[in-house]
$ cat coords.txt   # compact mmCIF, C-alpha atoms and all ligand atoms
# COMPACT_ATOMS: atom_id res chain seq x y z
CA MET A 595 254.75 123.58 155.96
CA ARG A 596 252.88 120.68 154.34
CA ARG A 597 254.43 117.23 154.00
CA ILE A 598 253.32 114.62 151.49
CA LEU A 599 254.95 111.23 151.74
CA ALA A 600 255.50 109.87 148.25
CA THR A 601 255.72 106.12 148.57
CA MET A 602 256.85 104.77 145.23
CA PRO A 603 257.84 101.19 144.53
CA SER A 604 261.45 102.29 143.99
CA ARG A 605 261.76 104.80 146.83
CA ALA A 606 259.76 106.69 149.44
CA TYR A 607 260.46 110.38 149.90
CA ASP A 608 258.98 113.54 151.32
CA VAL A 609 257.56 116.38 149.31
CA LEU A 610 257.72 119.46 151.54
CA VAL A 611 255.70 122.52 150.58
CA GLY A 612 256.16 125.77 152.47
CA ARG A 613 256.29 129.53 152.01
CA GLY A 614 259.56 131.33 152.67
CA CYS A 615 261.29 128.10 153.63
CA LEU A 616 264.30 128.06 151.29
CA ALA A 617 266.65 128.84 154.18
CA GLY A 618 265.61 125.52 155.73
CA LEU A 619 266.69 123.41 152.76
CA GLY A 620 270.03 122.40 154.28
CA SER A 621 268.56 121.17 157.55
CA ALA A 622 265.73 119.33 155.76
CA LEU A 623 268.36 117.58 153.68
CA THR A 624 270.70 116.70 156.56
CA ARG A 625 267.85 114.89 158.25
CA ARG A 626 267.49 112.66 155.17
CA CYS A 627 270.89 112.51 153.47
CA PRO A 628 273.57 113.70 155.85
CA GLY A 629 277.06 114.57 154.71
CA GLY A 630 278.81 114.70 151.40
CA LYS A 631 279.00 117.18 148.59
CA THR A 632 276.15 118.98 146.88
CA VAL A 633 276.07 120.48 143.41
CA VAL A 634 273.32 123.02 142.83
CA CYS A 635 272.19 123.25 139.21
CA CYS A 636 270.12 126.24 138.14
CA ASP A 637 269.57 128.54 135.17
CA GLU A 638 270.63 132.14 134.60
CA ASN A 639 267.26 133.55 135.66
CA VAL A 640 267.06 131.65 138.92
CA ALA A 641 270.72 132.01 139.93
CA PRO A 642 270.63 135.72 140.86
CA LEU A 643 267.35 135.21 142.75
CA TYR A 644 267.82 132.07 144.82
CA LEU A 645 271.24 130.46 144.38
CA GLU A 646 272.93 132.30 147.23
CA GLN A 647 270.17 131.46 149.71
CA ALA A 648 270.23 127.80 148.68
CA ARG A 649 274.03 127.69 148.91
CA ALA A 650 274.12 129.31 152.33
CA SER A 651 271.48 126.94 153.64
CA LEU A 652 273.29 123.86 152.35
CA ASN A 653 276.55 125.18 153.76
CA ALA A 654 274.96 125.65 157.14
CA GLY A 655 273.76 122.06 156.87
CA GLY A 656 277.38 120.97 156.69
CA TYR A 657 277.59 120.28 152.98
CA GLU A 658 280.43 121.16 150.69
CA VAL A 659 278.55 123.16 148.03
CA SER A 660 279.37 123.95 144.43
CA HIS A 661 277.10 125.07 141.64
CA ILE A 662 276.59 125.18 137.92
CA VAL A 663 274.55 127.80 136.10
CA ILE A 664 273.28 127.18 132.57
CA PRO A 665 271.29 129.38 130.16
CA ALA A 666 267.50 129.27 130.57
CA GLY A 667 265.03 127.57 128.28
CA GLU A 668 263.82 124.29 126.84
CA SER A 669 266.62 124.39 124.24
CA GLN A 670 269.07 123.58 127.06
CA LYS A 671 267.44 120.24 127.78
CA ASN A 672 269.75 118.27 125.52
CA LEU A 673 272.54 115.70 125.59
CA ALA A 674 275.28 118.26 124.96
CA ARG A 675 274.28 120.17 128.10
CA ALA A 676 273.98 116.88 129.99
CA GLU A 677 277.52 115.99 128.95
CA GLU A 678 278.76 119.32 130.24
CA LEU A 679 277.10 118.56 133.58
CA TYR A 680 278.72 115.10 133.69
CA GLY A 681 282.04 116.91 133.23
CA VAL A 682 281.35 119.16 136.19
CA LEU A 683 280.39 116.22 138.42
CA TYR A 684 283.48 114.31 137.29
CA ASP A 685 285.85 117.22 137.92
CA ARG A 686 284.39 117.80 141.37
CA GLY A 687 284.79 114.16 142.32
CA ILE A 688 281.07 113.56 142.86
CA ARG A 689 280.19 110.05 144.08
CA ARG A 690 276.95 108.18 144.64
CA GLY A 691 276.52 109.42 148.20
CA ASP A 692 276.70 113.03 147.01
CA THR A 693 273.70 115.10 145.96
CA MET A 694 272.57 116.97 142.88
CA VAL A 695 270.21 119.81 143.77
CA ALA A 696 267.94 120.88 140.89
CA LEU A 697 266.96 124.46 141.72
CA GLY A 698 264.55 125.84 139.13
CA GLY A 699 261.71 125.02 136.78
CA GLY A 700 260.90 121.82 134.97
CA VAL A 701 263.73 122.26 132.49
CA ILE A 702 266.35 122.18 135.24
CA GLY A 703 264.51 119.42 137.08
CA ASP A 704 264.39 117.20 134.00
CA LEU A 705 267.97 117.91 132.88
CA ALA A 706 269.72 117.81 136.26
CA GLY A 707 267.51 114.86 137.20
CA PHE A 708 268.56 112.97 134.09
CA VAL A 709 272.22 113.66 134.81
CA ALA A 710 271.80 112.59 138.46
CA ALA A 711 270.05 109.38 137.37
CA THR A 712 272.80 108.37 134.97
CA PHE A 713 276.07 109.67 136.42
CA GLN A 714 277.71 106.63 138.04
CA ARG A 715 274.29 104.96 137.62
CA GLY A 716 272.76 107.40 140.00
CA VAL A 717 273.75 110.04 142.53
CA ARG A 718 271.26 111.48 145.02
CA LEU A 719 268.77 113.96 143.63
CA VAL A 720 266.86 116.73 145.38
CA GLN A 721 264.27 118.73 143.50
CA VAL A 722 263.82 122.36 144.56
CA PRO A 723 261.12 123.53 142.12
CA THR A 724 260.67 127.28 141.61
CA THR A 725 257.87 127.41 139.01
CA LEU A 726 254.25 126.55 139.70
CA LEU A 727 254.38 123.93 136.97
CA ALA A 728 257.38 122.25 138.55
CA GLN A 729 255.97 122.46 142.09
CA VAL A 730 252.67 120.79 141.25
CA ASP A 731 253.88 118.50 138.51
CA ALA A 732 257.39 118.17 137.08
CA ALA A 733 259.39 117.82 140.31
CA VAL A 734 257.30 114.91 141.56
CA GLY A 735 256.98 111.47 140.04
CA GLY A 736 260.45 110.64 138.85
CA LYS A 737 260.36 111.27 135.12
CA VAL A 738 263.67 112.75 134.01
CA ALA A 739 264.70 113.35 130.42
CA VAL A 740 266.34 115.44 127.75
CA ASP A 741 265.00 116.23 124.29
CA PHE A 742 266.54 114.52 121.28
CA ARG A 743 266.22 115.89 117.72
CA ALA A 744 262.49 116.60 117.26
CA GLY A 745 261.55 114.29 120.10
CA LYS A 746 260.59 115.97 123.34
CA ASN A 747 261.74 113.95 126.38
CA TYR A 748 262.96 111.21 124.02
CA VAL A 749 266.00 110.20 126.07
CA GLY A 750 265.27 109.67 129.72
CA THR A 751 264.45 107.37 132.56
CA PHE A 752 262.47 107.06 135.78
CA TYR A 753 264.40 108.23 138.81
CA GLN A 754 262.74 109.34 142.02
CA PRO A 755 264.33 112.13 144.04
CA TRP A 756 265.38 111.78 147.69
CA LEU A 757 263.47 114.92 148.60
CA VAL A 758 261.27 117.54 146.91
CA TYR A 759 261.44 120.91 148.63
CA ALA A 760 259.07 123.59 147.30
CA ASP A 761 259.12 127.18 148.53
CA LEU A 762 256.00 129.04 147.34
CA ALA A 763 257.71 132.38 148.01
CA THR A 764 259.86 131.75 144.93
CA LEU A 765 256.70 132.10 142.81
CA GLU A 766 256.64 135.82 143.64
CA THR A 767 259.33 136.46 141.02
CA LEU A 768 257.86 134.21 138.37
CA PRO A 769 256.70 136.05 135.22
CA ALA A 770 252.87 136.24 135.12
CA ARG A 771 252.68 134.17 131.97
CA GLU A 772 254.62 131.32 133.61
CA LEU A 773 252.31 131.46 136.63
CA HIS A 774 249.27 131.13 134.38
CA SER A 775 250.95 128.33 132.51
CA GLY A 776 251.41 126.40 135.75
CA ALA A 777 247.78 127.07 136.62
CA ALA A 778 246.75 124.85 133.70
CA GLU A 779 248.36 121.85 135.40
CA VAL A 780 246.70 122.89 138.66
CA ALA A 781 243.38 122.82 136.79
CA LYS A 782 244.25 119.38 135.43
CA TYR A 783 244.75 117.97 138.94
CA ALA A 784 241.56 119.64 140.14
CA LEU A 785 239.54 118.11 137.29
CA LEU A 786 241.12 114.69 137.89
CA GLY A 787 240.76 114.80 141.65
CA GLY A 788 237.47 116.62 142.14
CA GLY A 789 236.28 117.12 145.72
CA GLU A 790 238.12 119.48 148.01
CA LEU A 791 240.92 120.20 145.55
CA LEU A 792 238.41 121.25 142.89
CA ASP A 793 236.67 123.55 145.38
CA ARG A 794 240.01 125.06 146.34
CA VAL A 795 241.04 125.68 142.73
CA GLY A 796 237.56 127.09 142.09
CA ARG A 797 238.22 129.66 144.83
CA LEU A 798 241.63 130.46 143.31
CA ALA A 799 239.91 131.02 139.96
CA GLY A 800 237.44 133.39 141.65
CA GLY A 801 239.99 136.23 141.75
CA PRO A 802 243.02 137.43 139.82
CA LEU A 803 245.79 134.85 139.84
CA SER A 804 248.82 135.85 141.89
CA ALA A 805 251.63 134.00 143.66
CA ALA A 806 250.32 135.15 147.03
CA ARG A 807 246.97 133.45 146.37
CA VAL A 808 248.57 130.07 145.62
CA SER A 809 248.30 128.27 148.95
CA GLN A 810 250.36 125.47 150.46
CA GLU A 811 247.19 123.36 150.67
CA LEU A 812 246.54 123.84 146.98
CA VAL A 813 250.04 122.83 145.87
CA ALA A 814 250.06 119.95 148.37
CA GLY A 815 246.66 118.82 147.03
CA CYS A 816 247.97 118.68 143.46
CA VAL A 817 251.10 116.86 144.60
CA ALA A 818 249.05 114.31 146.53
CA GLN A 819 246.96 113.72 143.43
CA LYS A 820 250.03 113.14 141.28
CA VAL A 821 251.71 110.95 143.90
CA ALA A 822 248.65 108.69 144.10
CA VAL A 823 248.59 108.20 140.34
CA VAL A 824 252.33 107.64 139.96
CA ALA A 825 252.57 105.25 142.91
CA ALA A 826 250.11 102.97 141.13
CA ASP A 827 252.10 102.96 137.88
CA GLU A 828 255.59 104.27 138.53
CA ARG A 829 257.10 103.29 135.18
CA GLU A 830 254.05 103.84 132.99
CA GLU A 831 253.50 100.12 132.54
CA THR A 832 249.91 99.42 133.59
CA GLY A 833 248.46 102.45 131.83
CA ALA A 834 247.13 104.03 135.02
CA ARG A 835 249.65 106.87 134.82
CA ALA A 836 248.07 107.89 131.52
CA VAL A 837 245.34 109.85 133.36
CA LEU A 838 247.97 112.55 133.80
CA ASN A 839 247.58 113.07 130.07
CA LEU A 840 244.22 114.80 130.54
CA GLY A 841 244.17 117.77 128.18
CA HIS A 842 247.56 116.86 126.75
CA THR A 843 246.58 115.04 123.54
CA VAL A 844 245.11 118.20 122.04
CA GLY A 845 247.53 120.37 124.04
CA HIS A 846 250.62 118.71 122.54
CA ALA A 847 249.07 118.87 119.07
CA ILE A 848 248.48 122.62 119.46
CA GLU A 849 252.09 123.08 120.58
CA GLY A 850 253.29 121.12 117.56
CA ALA A 851 251.01 122.91 115.08
CA THR A 852 252.33 126.26 116.30
CA SER A 853 255.99 125.16 116.36
CA PHE A 854 256.06 125.62 120.14
CA SER A 855 256.00 129.38 119.74
CA ARG A 856 252.44 130.77 119.95
CA TYR A 857 251.41 129.17 123.23
CA THR A 858 253.20 128.11 126.38
CA HIS A 859 252.76 124.46 127.35
CA GLY A 860 250.22 125.46 129.99
CA GLU A 861 248.21 127.62 127.61
CA ALA A 862 248.07 124.77 125.11
CA VAL A 863 247.07 122.36 127.89
CA GLY A 864 244.38 124.83 128.96
CA LEU A 865 242.91 124.63 125.47
CA GLY A 866 243.35 120.86 125.54
CA LEU A 867 241.41 120.70 128.80
CA ARG A 868 238.60 122.71 127.21
CA ALA A 869 238.49 120.21 124.34
CA SER A 870 238.50 117.26 126.79
CA LEU A 871 235.53 118.74 128.64
CA TRP A 872 233.59 119.27 125.42
CA LEU A 873 234.32 115.68 124.36
CA SER A 874 233.52 114.33 127.83
CA ARG A 875 230.04 115.79 127.59
CA ARG A 876 229.44 114.08 124.25
CA LEU A 877 231.13 110.75 124.94
CA CYS A 878 231.15 110.15 128.70
CA GLY A 879 228.01 111.78 130.00
CA LEU A 880 229.69 114.70 131.78
CA SER A 881 226.77 116.97 132.63
CA ALA A 882 226.31 120.38 131.02
CA ARG A 883 226.43 121.94 134.48
CA GLU A 884 229.75 120.29 135.30
CA GLU A 885 231.20 121.24 131.93
CA ALA A 886 230.16 124.86 132.44
CA ARG A 887 231.68 124.86 135.95
CA ALA A 888 234.98 123.51 134.62
CA GLN A 889 235.13 125.87 131.62
CA ALA A 890 234.48 128.78 134.01
CA LEU A 891 237.33 127.57 136.20
CA LEU A 892 239.69 127.71 133.21
CA ASP A 893 238.39 131.22 132.42
CA GLY A 894 239.01 132.30 135.99
CA LEU A 895 242.60 131.04 135.87
CA GLY A 896 243.18 133.28 132.85
CA LEU A 897 243.75 130.47 130.37
CA PRO A 898 243.10 131.11 126.66
CA GLN A 899 239.46 131.15 125.61
CA ARG A 900 239.93 129.95 122.06
CA LEU A 901 242.44 128.54 119.62
CA GLU A 902 243.86 131.32 117.50
CA ALA A 903 246.05 131.52 114.44
CA VAL A 904 246.31 127.77 113.97
CA PRO A 905 244.74 125.80 111.13
CA GLY A 906 242.40 123.34 112.88
CA GLU A 907 243.37 120.67 110.35
CA ALA A 908 246.99 120.81 111.46
CA VAL A 909 245.94 120.14 115.05
CA CYS A 910 243.83 117.13 114.03
CA ASP A 911 246.70 115.66 112.01
CA LEU A 912 249.02 116.06 114.95
CA THR A 913 246.83 114.36 117.55
CA ARG A 914 247.52 111.20 115.57
CA LEU A 915 251.26 111.57 116.15
CA ASP A 916 250.75 111.62 119.90
CA LYS A 917 253.16 109.20 121.63
CA LYS A 918 250.11 107.66 123.27
CA SER A 919 248.17 107.03 120.04
CA GLY A 920 247.49 103.47 118.94
CA ARG A 921 246.39 101.70 115.78
CA HIS A 922 242.70 102.37 116.40
CA GLY A 923 242.94 106.11 116.73
CA VAL A 924 243.80 108.40 119.54
CA GLY A 925 242.97 107.25 123.06
CA TYR A 926 241.81 110.27 125.04
CA VAL A 927 241.57 110.71 128.77
CA LEU A 928 238.08 112.09 129.39
CA LEU A 929 235.84 112.59 132.41
CA ASP A 930 232.64 110.75 133.34
CA ALA A 931 232.22 113.44 135.96
CA LEU A 932 234.52 116.00 137.55
CA GLY A 933 236.97 113.95 139.60
CA SER A 934 236.21 110.77 137.69
CA PRO A 935 238.52 110.21 134.73
CA ARG A 936 238.08 107.53 132.10
CA LEU A 937 241.08 106.21 130.18
CA ASP A 938 241.55 105.48 126.53
CA VAL A 939 238.32 106.79 125.05
CA ARG A 940 238.48 106.48 121.27
CA VAL A 941 237.43 109.65 119.49
CA ARG A 942 236.28 109.43 115.86
CA PRO A 943 238.15 111.75 113.48
CA GLU A 944 234.88 113.64 112.64
CA LEU A 945 234.29 114.43 116.29
CA GLU A 946 237.90 115.44 116.73
CA ARG A 947 237.50 117.87 113.86
CA GLU A 948 234.31 119.18 115.40
CA VAL A 949 235.89 119.86 118.78
CA ILE A 950 238.82 121.68 117.19
CA GLU A 951 236.37 123.80 115.15
CA TRP A 952 234.54 124.59 118.37
CA LEU A 953 237.83 125.62 120.00
CA VAL A 954 238.52 127.99 117.10
CA LYS A 955 235.02 129.50 116.95
CA ARG A 956 233.93 129.71 120.57
N1 LIG B 1 259.23 115.33 134.59
C1 LIG B 1 257.94 115.57 134.52
O1 LIG B 1 257.11 114.82 135.03
C2 LIG B 1 257.48 116.81 133.83
C3 LIG B 1 256.14 117.20 133.91
C4 LIG B 1 255.75 118.38 133.31
C5 LIG B 1 256.68 119.15 132.62
N2 LIG B 1 257.98 118.73 132.55
C6 LIG B 1 258.98 119.54 131.83
O2 LIG B 1 259.09 120.81 132.47
C7 LIG B 1 259.58 121.75 131.53
C8 LIG B 1 258.80 123.04 131.71
O3 LIG B 1 258.99 123.50 133.02
P1 LIG B 1 258.73 125.02 133.43
O4 LIG B 1 257.44 125.46 132.90
O5 LIG B 1 258.99 125.11 134.87
O6 LIG B 1 259.80 125.81 132.55
P2 LIG B 1 261.27 126.39 132.84
O7 LIG B 1 262.06 125.49 133.68
O8 LIG B 1 261.83 126.75 131.52
O9 LIG B 1 260.96 127.72 133.65
C9 LIG B 1 260.22 128.75 133.04
C10 LIG B 1 260.97 130.08 133.09
O10 LIG B 1 260.89 130.63 134.40
C11 LIG B 1 262.17 130.94 134.89
N3 LIG B 1 262.08 130.78 136.33
C12 LIG B 1 262.01 129.61 137.02
N4 LIG B 1 261.75 129.85 138.31
C13 LIG B 1 261.67 131.18 138.44
C14 LIG B 1 261.38 132.04 139.55
N5 LIG B 1 261.08 131.54 140.74
N6 LIG B 1 261.39 133.37 139.34
C15 LIG B 1 261.63 133.87 138.11
N7 LIG B 1 261.88 133.12 137.03
C16 LIG B 1 261.88 131.78 137.20
C17 LIG B 1 263.10 130.04 134.17
O11 LIG B 1 264.39 130.56 134.12
C18 LIG B 1 262.45 129.98 132.79
O12 LIG B 1 262.83 131.10 132.04
C19 LIG B 1 259.44 121.13 130.17
O13 LIG B 1 260.71 120.78 129.70
C20 LIG B 1 258.61 119.87 130.42
O14 LIG B 1 258.94 118.83 129.54
C21 LIG B 1 258.38 117.59 133.14
ZN ZN B 2 251.84 119.24 131.08
$ encode --input "coords.txt" --output "structure tokens" --more "lines below"
Ligand SMILES: NC(=O)c1ccc[n+]([C@@H]2O[C@H](COP(=O)([O-])OP(=O)(O)OC[C@H]3O[C@@H](n4cnc5c(N)ncnc54)[C@H](O)[C@@H]3O)[C@@H](O)[C@H]2O)c1
Ligand SMILES: [Zn+2]
Amino acid sequence: MRRILATMPSRAYDVLVGRGCLAGLGSALTRRCPGGKTVVCCDENVAPLYLEQARASLNAGGYEVSHIVIPAGESQKNLARAEELYGVLYDRGIRRGDTMVALGGGVIGDLAGFVAATFQRGVRLVQVPTTLLAQVDAAVGGKVAVDFRAGKNYVGTFYQPWLVYADLATLETLPARELHSGAAEVAKYALLGGGELLDRVGRLAGGPLSAARVSQELVAGCVAQKVAVVAADEREETGARAVLNLGHTVGHAIEGATSFSRYTHGEAVGLGLRASLWLSRRLCGLSAREEARAQALLDGLGLPQRLEAVPGEAVCDLTRLDKKSGRHGVGYVLLDALGSPRLDVRVRPELEREVIEWLVKR
């Protein structure tokens, strides 16, 4: 098992990454937050797979355990569902010393995390991520939110968990498309971090992607990368946290232009990363060799090669709606070299159009 200590200004906590370790959840928790009640929140896909094991483990750890199962999907990440969860916590007499356990992907982590952050101004939160995306990204860093009207993550706060407990064995049941989607965020951390993590992800990309080939070191490496960034800018105030947006300006625009239906988030981010690399070569001096290495890495992870069935114009229009855009155009995160990000690079509209055309035609 790998342990990463996440030392945030608001709280320090462990991120534990293992394989086949779900049965140890209860004892890991008792060492950090002994006693009290736990409420496990998960969705209908995860419940039949892992709820019983999580329950049994928490029970063995001496906790009184109850659970709530909600339908799966992003559409559940809303205030109505949050209110239902508040009702459950209220009826079960949950207090601040009790614990909400978010067992599932990023949707559950964000929703249950938001409820934990706000119920009685905060009950304990444990993230037990079961998708690759959640293990390397969503479960760590303390952003919790629900969607509101057309605004994704529009109502939320920053609330660090008490523990993140990731079991890589849960990835075995993840649909292949979800695994690939998570691999896009893995690629993002590799491109941001460079060095050993990039080599490791390069080796992963050298063969067909499977859960068994996702190693503890790889997930721990991504987590360490995220922890380092978040610790320097926990509440997104200094701007440093914005490096995590690599690939996301174009990625979000592609999701928007396709009404969130054609591509998964990870697939769209994969295309966004390709665009960032292309722009980095033109604007930041990323070498042709490094660009080729990084594009090949995205190929190897099975991420989309080109942008299909989307009018390029629509994507360009949407990059301007990015939450991170300012008055002087869109500030991109680009790379001077692999492992060396540069923040807030302004991209002229003509060049933006050109990179989208390249994404369509390549
Ligand atoms: N808070 C953050 O910092 C942060 C960062 C990135 C993404 N997010 C959020 O994460 C969400 C996306 O997360 P996601 O990609 O994990 O999606 P998700 O939670 O919807 O999970 C994807 C699908 O996989 C299923 N599933 C989960 N674990 C499984 C398993 N082990 N076996 C089989 N099926 C399983 C789920 O039921 C769901 O159908 C978005 O809402 C996004 O906004 C948050
Ligand atoms: Zn993302």
$ residues_around --input "coords.txt" --residues "segment 683-695 of chain A" --least-positions-apart "6" --cutoff "8 Å" --atoms "all atoms listed in the file" --output "NGL selection string"
:A and (629-635 or 706-707 or 710 or 714 or 716-722)
$ atom_distance --input "coords.txt" --atom1 "atom CA of Arg807 of chain A" --atom2 "atom CA of Val821 of chain A"
23.1 Å
$ closest_residue --input "coords.txt" --among "A:Arg942, A:Arg715, A:His846, A:Arg649" --to "ligand LIG 1 (chain B)" --atoms "only C-alpha atoms and all ligand atoms"
A:His846
$ closest_atom_pairs --input "coords.txt" --of "chain A" --to "ligand ZN 2 (chain B)" --cutoff "9 Å" --atoms "only C-alpha atoms and all ligand atoms" --output "CSV"
residue,atom,partner,partner_atom,distance
A:Leu727,CA,B:ZN2,ZN,7.9
A:Asp731,CA,B:ZN2,ZN,7.7
A:Ala732,CA,B:ZN2,ZN,8.2
A:Gly776,CA,B:ZN2,ZN,8.6
A:Ala778,CA,B:ZN2,ZN,8.0
A:Glu779,CA,B:ZN2,ZN,6.1
A:Lys782,CA,B:ZN2,ZN,8.7
A:Leu838,CA,B:ZN2,ZN,8.2
A:Asn839,CA,B:ZN2,ZN,7.6
A:Leu840,CA,B:ZN2,ZN,8.8
A:Gly841,CA,B:ZN2,ZN,8.3
A:His842,CA,B:ZN2,ZN,6.5
A:Gly845,CA,B:ZN2,ZN,8.3
A:His846,CA,B:ZN2,ZN,8.6
A:His859,CA,B:ZN2,ZN,6.5
A:Gly860,CA,B:ZN2,ZN,6.5
A:Ala862,CA,B:ZN2,ZN,9.0
A:Val863,CA,B:ZN2,ZN,6.5
$ closest_residue --input "coords.txt" --among "A:Pro802, A:Gly612, A:Gly620, A:Gly750" --to "Asn672 of chain A" --atoms "only C-alpha atoms"
A:Gly750
$ atom_distance --input "coords.txt" --atom1 "atom CA of Leu877 of chain A" --atom2 "atom CA of Glu948 of chain A"
13.1 Å
$ atom_distance --input "coords.txt" --atom1 "atom CA of Thr725 of chain A" --atom2 "atom O8 of ligand LIG 1 (chain B)"
8.5 Å
$ closest_residue --input "coords.txt" --among "A:Arg856, A:Arg597, A:Arg613, A:Arg771" --to "ligand LIG 1 (chain B)" --atoms "only C-alpha atoms and all ligand atoms"
A:Arg771
$ residues_near_ligand --input "coords.txt" --ligand "ligand LIG 1 (chain B)" --cutoff "6 Å" --atoms "only C-alpha atoms and all ligand atoms" --output "PDB file with C-alpha atoms, in the frame of the given file"
ATOM      1  CA  ASP A 637     269.570 128.540 135.170  1.00  0.00           C
ATOM      2  CA  ASN A 639     267.260 133.550 135.660  1.00  0.00           C
ATOM      3  CA  VAL A 640     267.060 131.650 138.920  1.00  0.00           C
ATOM      4  CA  ALA A 666     267.500 129.270 130.570  1.00  0.00           C
ATOM      5  CA  GLY A 667     265.030 127.570 128.280  1.00  0.00           C
ATOM      6  CA  GLU A 668     263.820 124.290 126.840  1.00  0.00           C
ATOM      7  CA  GLY A 698     264.550 125.840 139.130  1.00  0.00           C
ATOM      8  CA  GLY A 699     261.710 125.020 136.780  1.00  0.00           C
ATOM      9  CA  GLY A 700     260.900 121.820 134.970  1.00  0.00           C
ATOM     10  CA  VAL A 701     263.730 122.260 132.490  1.00  0.00           C
ATOM     11  CA  ILE A 702     266.350 122.180 135.240  1.00  0.00           C
ATOM     12  CA  ASP A 704     264.390 117.200 134.000  1.00  0.00           C
ATOM     13  CA  THR A 724     260.670 127.280 141.610  1.00  0.00           C
ATOM     14  CA  THR A 725     257.870 127.410 139.010  1.00  0.00           C
ATOM     15  CA  LEU A 727     254.380 123.930 136.970  1.00  0.00           C
ATOM     16  CA  ALA A 728     257.380 122.250 138.550  1.00  0.00           C
ATOM     17  CA  ASP A 731     253.880 118.500 138.510  1.00  0.00           C
ATOM     18  CA  ALA A 732     257.390 118.170 137.080  1.00  0.00           C
ATOM     19  CA  LYS A 737     260.360 111.270 135.120  1.00  0.00           C
ATOM     20  CA  VAL A 738     263.670 112.750 134.010  1.00  0.00           C
ATOM     21  CA  THR A 764     259.860 131.750 144.930  1.00  0.00           C
ATOM     22  CA  LEU A 765     256.700 132.100 142.810  1.00  0.00           C
ATOM     23  CA  THR A 767     259.330 136.460 141.020  1.00  0.00           C
ATOM     24  CA  LEU A 768     257.860 134.210 138.370  1.00  0.00           C
TER      25      LEU A 768
END
$ residues_near_point --input "coords.txt" --point "(251.0, 124.2, 115.1)" --cutoff "8 Å" --atoms "only C-alpha atoms" --output "PyMOL selection string"
chain A and resi 847-854+904-905+908-909
$ residues_around --input "coords.txt" --residues "Val941 of chain A" --least-positions-apart "5" --cutoff "12 Å" --atoms "all atoms listed in the file" --output "NGL selection string"
:A and (843-844 or 869-870 or 872-874 or 876-878 or 910 or 913-914 or 919-920 or 922-928 or 946-949)
$ closest_residue --input "coords.txt" --among "A:Leu652, A:Leu791, A:Ala888, A:Val734" --to "Met602 of chain A" --atoms "all atoms listed in the file"
A:Val734
$ residues_around --input "coords.txt" --residues "Asp761 of chain A" --least-positions-apart "6" --cutoff "12 Å" --atoms "all atoms listed in the file" --output "MDAnalysis selection string"
chainID A and resid 595:596 609:619 644 647:648 697:698 721:726 728:730 767 805:806 808:810 813:814
$ closest_residue --input "coords.txt" --among "A:Ser804, A:Gly789, A:Gly866, A:Gly815" --to "Leu773 of chain A" --atoms "only C-alpha atoms"
A:Ser804
$ closest_residue --input "coords.txt" --among "A:Gly745, A:Gly879, A:Gly864, A:Gly833" --to "Leu937 of chain A" --atoms "all atoms listed in the file"
A:Gly833
$ residues_near_point --input "coords.txt" --point "(255.0, 101.0, 135.2)" --cutoff "12 Å" --atoms "only C-alpha atoms" --output "MDAnalysis selection string"
chainID A and resid 602:604 735:737 751:752 823:836
$ residues_around --input "coords.txt" --residues "segment 797-799 of chain A" --least-positions-apart "6" --cutoff "10 Å" --atoms "only C-alpha atoms" --output "NGL selection string"
:A and (777 or 781 or 791 or 807-809 or 812 or 890-896)
$ write_last_selection --input "coords.txt" --atoms "C-alpha atoms" --output "short mmCIF file (atom, residue, chain, number, x, y, z; two decimals), in the frame of the given file"
data_model
loop_
_atom_site.label_atom_id
_atom_site.label_comp_id
_atom_site.auth_asym_id
_atom_site.auth_seq_id
_atom_site.Cartn_x
_atom_site.Cartn_y
_atom_site.Cartn_z
CA ALA A 777 247.78 127.07 136.62
CA ALA A 781 243.38 122.82 136.79
CA LEU A 791 240.92 120.20 145.55
CA ARG A 807 246.97 133.45 146.37
CA VAL A 808 248.57 130.07 145.62
CA SER A 809 248.30 128.27 148.95
CA LEU A 812 246.54 123.84 146.98
CA ALA A 890 234.48 128.78 134.01
CA LEU A 891 237.33 127.57 136.20
CA LEU A 892 239.69 127.71 133.21
CA ASP A 893 238.39 131.22 132.42
CA GLY A 894 239.01 132.30 135.99
CA LEU A 895 242.60 131.04 135.87
CA GLY A 896 243.18 133.28 132.85
#
